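The next block is work20.tsv, given as TSV, C-alpha atoms.
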chain	number	residue	atom	x	y	z
W	106	MET	CA	14.06	124.28	152.37
W	107	LYS	CA	11.13	123.43	154.59
W	108	VAL	CA	10.35	119.75	155.10
W	109	LEU	CA	7.42	117.74	156.47
W	110	LEU	CA	8.15	114.17	157.60
W	111	ASP	CA	5.14	111.90	157.24
W	112	GLU	CA	3.96	109.80	160.19
W	113	GLY	CA	5.65	106.58	159.02
W	114	LEU	CA	9.08	108.09	159.59
W	115	PRO	CA	10.69	108.32	163.04
W	116	ARG	CA	9.60	111.48	164.85
W	117	ARG	CA	13.10	111.87	166.28
W	118	ALA	CA	14.45	112.32	162.73
W	119	ALA	CA	12.81	115.77	162.65
W	120	ALA	CA	14.71	116.81	165.78
W	121	LEU	CA	17.98	115.44	164.40
W	122	LEU	CA	17.50	117.41	161.17
W	123	ARG	CA	16.60	120.56	163.09
W	124	ASP	CA	19.88	120.10	165.00
W	125	ARG	CA	21.55	120.38	161.57
W	126	GLY	CA	19.83	123.71	160.94
W	127	LEU	CA	16.99	122.50	158.72
W	128	ASP	CA	13.36	123.63	159.02
W	129	VAL	CA	11.73	120.23	159.56
W	130	VAL	CA	8.49	119.21	161.25
W	131	HIS	CA	7.01	115.78	161.78
W	132	LEU	CA	3.36	115.33	160.84
W	133	THR	CA	2.47	114.50	164.45
W	134	GLU	CA	3.74	117.95	165.47
W	135	VAL	CA	1.25	119.75	163.21
W	136	ALA	CA	-1.70	117.35	162.65
W	137	GLU	CA	-3.37	114.19	163.88
W	138	PRO	CA	-1.62	110.96	162.88
W	139	SER	CA	-4.71	109.75	161.01
W	140	THR	CA	-4.88	112.87	158.79
W	141	ALA	CA	-5.83	111.95	155.22
W	142	ASP	CA	-3.12	112.17	152.57
W	143	PRO	CA	-4.96	114.83	150.47
W	144	VAL	CA	-5.17	117.06	153.57
W	145	ILE	CA	-1.46	116.54	154.28
W	146	LEU	CA	-0.63	117.34	150.66
W	147	GLU	CA	-2.63	120.57	150.78
W	148	TRP	CA	-1.09	121.58	154.13
W	149	ALA	CA	2.42	121.03	152.75
W	150	ARG	CA	1.56	123.01	149.62
W	151	ALA	CA	0.11	125.91	151.65
W	152	ASN	CA	3.14	125.94	153.96
W	153	GLY	CA	5.81	125.52	151.28
W	154	ARG	CA	7.05	122.18	152.63
W	155	ILE	CA	8.57	119.19	150.85
W	156	ILE	CA	6.88	115.97	151.95
W	157	VAL	CA	9.08	113.01	152.90
W	158	THR	CA	7.15	109.76	153.13
W	159	LEU	CA	7.19	105.98	152.83
W	160	ASP	CA	3.77	106.16	151.17
W	161	ALA	CA	3.31	105.83	147.39
W	162	ASP	CA	-0.09	107.55	147.59
W	163	PHE	CA	1.42	111.05	147.52
W	164	HIS	CA	2.95	110.53	144.07
W	165	SER	CA	-0.40	109.17	142.87
W	166	LEU	CA	-2.24	112.20	144.27
W	167	LEU	CA	0.19	114.55	142.54
W	168	ALA	CA	-0.40	112.75	139.24
W	169	VAL	CA	-4.20	112.74	139.54
W	170	GLU	CA	-4.29	116.43	140.50
W	171	GLY	CA	-1.71	117.51	137.92
W	172	SER	CA	-0.05	119.44	140.74
W	173	THR	CA	3.15	121.43	140.38
W	174	ALA	CA	3.77	121.44	144.15
W	175	PRO	CA	4.77	120.32	146.66
W	176	SER	CA	7.80	118.18	145.97
W	177	VAL	CA	7.50	114.71	147.46
W	178	ILE	CA	10.35	112.41	148.42
W	179	ARG	CA	9.28	108.78	148.72
W	180	ILE	CA	11.71	106.60	150.64
W	181	ARG	CA	11.37	103.01	149.51
W	182	ARG	CA	13.22	101.49	152.45
W	183	GLU	CA	11.55	100.10	155.55
W	184	GLY	CA	12.91	100.08	159.08
W	185	LEU	CA	15.19	103.12	158.87
W	186	SER	CA	16.36	104.57	162.16
W	187	ALA	CA	16.06	108.29	162.88
W	188	GLU	CA	19.78	108.60	162.17
W	189	ASP	CA	19.39	106.76	158.85
W	190	VAL	CA	16.59	109.12	157.82
W	191	ARG	CA	18.66	112.15	158.85
W	192	ASP	CA	21.69	111.00	156.86
W	193	LEU	CA	19.65	110.08	153.79
W	194	LEU	CA	17.75	113.37	153.77
W	195	LEU	CA	20.86	115.46	154.28
W	196	HIS	CA	22.31	113.79	151.18
W	197	LEU	CA	19.13	114.08	149.08
W	198	LEU	CA	18.40	117.69	150.06
W	199	HIS	CA	21.96	118.70	149.23
W	200	ASP	CA	22.28	116.79	145.95
W	201	HIS	CA	18.81	117.60	144.59
W	202	GLU	CA	18.11	121.03	146.13
W	203	ALA	CA	17.36	122.87	142.88
W	204	ALA	CA	15.02	120.15	141.61
W	205	LEU	CA	13.20	119.89	144.95
W	206	LEU	CA	12.69	123.65	145.05
W	207	SER	CA	11.23	123.61	141.52
W	208	GLY	CA	8.78	120.74	142.12
W	209	VAL	CA	9.55	117.04	141.67
W	210	ALA	CA	8.39	113.59	142.65
W	211	LEU	CA	11.50	111.80	143.87
W	212	SER	CA	11.74	108.14	144.81
W	213	VAL	CA	14.77	106.59	146.46
W	214	ARG	CA	15.74	103.00	147.18
W	215	ALA	CA	19.23	101.80	147.98
W	216	HIS	CA	21.53	104.07	145.94
W	217	LEU	CA	18.99	104.56	143.15
W	218	VAL	CA	17.08	107.82	142.77
W	219	GLY	CA	14.16	108.26	140.38
W	220	MET	CA	12.90	111.76	139.74
W	221	HIS	CA	10.20	113.34	137.61
W	222	LYS	CA	9.41	117.04	137.29
W	223	LEU	CA	5.94	118.14	138.34
W	224	PRO	CA	3.31	118.05	137.04
W	225	LEU	CA	3.47	114.30	136.52
W	226	ILE	CA	2.42	113.35	133.02
W	227	GLY	CA	2.57	109.70	132.04
W	228	THR	CA	4.70	107.48	134.26
W	229	LEU	CA	7.53	108.27	136.62
W	230	SER	CA	11.04	108.03	135.24
W	231	GLU	CA	13.03	104.91	135.92
W	232	PRO	CA	15.42	105.07	138.86
W	233	HIS	CA	19.00	105.86	138.00
W	234	ASP	CA	22.30	105.60	139.82
W	235	SER	CA	22.65	109.14	141.17
W	236	GLU	CA	26.37	108.69	141.70
W	237	SER	CA	27.03	108.13	138.00
W	238	ASP	CA	25.09	111.27	137.01
W	239	GLU	CA	26.76	113.64	139.44

How does the structure come out when it is put into structure tokens?
Amino acid sequence: MKVLLDEGLPRRAAALLRDRGLDVVHLTEVAEPSTADPVILEWARANGRIIVTLDADFHSLLAVEGSTAPSVIRIRREGLSAEDVRDLLLHLLHDHEAALLSGVALSVRAHLVGMHKLPLIGTLSEPHDSESDE
């Protein structure tokens, strides 16, 4: 899987994930920090990358466009360290690999993961306890 970390996430998290063998870039490595979300979404789509963000706008853009790609992971936790982001993403990418490769909008907070297959029609599914489903 190829991943793009949005600018709100620690840049060092990309290096930590690359150290684990993942193909990860931080937005600031490929574009200006002020790049508009629709441009980022299109770049990720063209480059086959999953977007990881703190920003709810990406899920909204996917819904408005009726897009089937790219997958977007929205982290609904503020103040995560680079190590926290690395650990969380290693877990999410492992546990939800098939879904992420097929196109989903995923939202995570605490131990709850909400996921909806793309294209988004209607509202996003309610978060569920991923541990009880696995």

Please report the interatomic distance between CA of His221 (chain W) and CA of Gly208 (chain W) in Å with one decimal.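 Pair CA of His221 (chain W) / CA of Gly208 (chain W) returns 8.8 Å.
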
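Counting all atoms listed in the file, the residue from W:Leu146, W:Leu132, W:Leu159, W:Ala174 that sits nearest to Val190 (chain W) is W:Leu159.
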
Using only C-alpha atoms, pick whichever of W:Arg181, W:Ser212, W:Asp200, W:Gly171 has the shortest atom-to-atom distance to Leu225 (chain W). W:Gly171

Can you work out the spacing between CA of Ser207 (chain W) and CA of Arg191 (chain W) in Å, to one decimal?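 Going from CA of Ser207 (chain W) over to CA of Arg191 (chain W), I get 22.1 Å.
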
Which of these, W:Ile180, W:Leu198, W:Val209, W:Leu185, has the shortest distance to Asp128 (chain W) once you count only C-alpha atoms?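 Once distances to Asp128 (chain W) are computed over only C-alpha atoms, the minimum belongs to W:Leu198.
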
Of the residues W:Ile155, W:Val130, W:Leu122, W:Leu167, which is the one nearest to Pro143 (chain W), using only C-alpha atoms? W:Leu167

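Closest approach to Leu197 (chain W) among W:His216, W:Arg182, W:Arg116, W:Arg123: W:His216, based on only C-alpha atoms.
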
Out of W:Pro224, W:Gly219, W:Pro115, W:Pro175, which residue has the shortest atom-to-atom distance to Thr133 (chain W) when counting only C-alpha atoms? W:Pro115

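Counting from CA of Thr140 (chain W), the distance to CA of Leu166 (chain W) is 14.8 Å.
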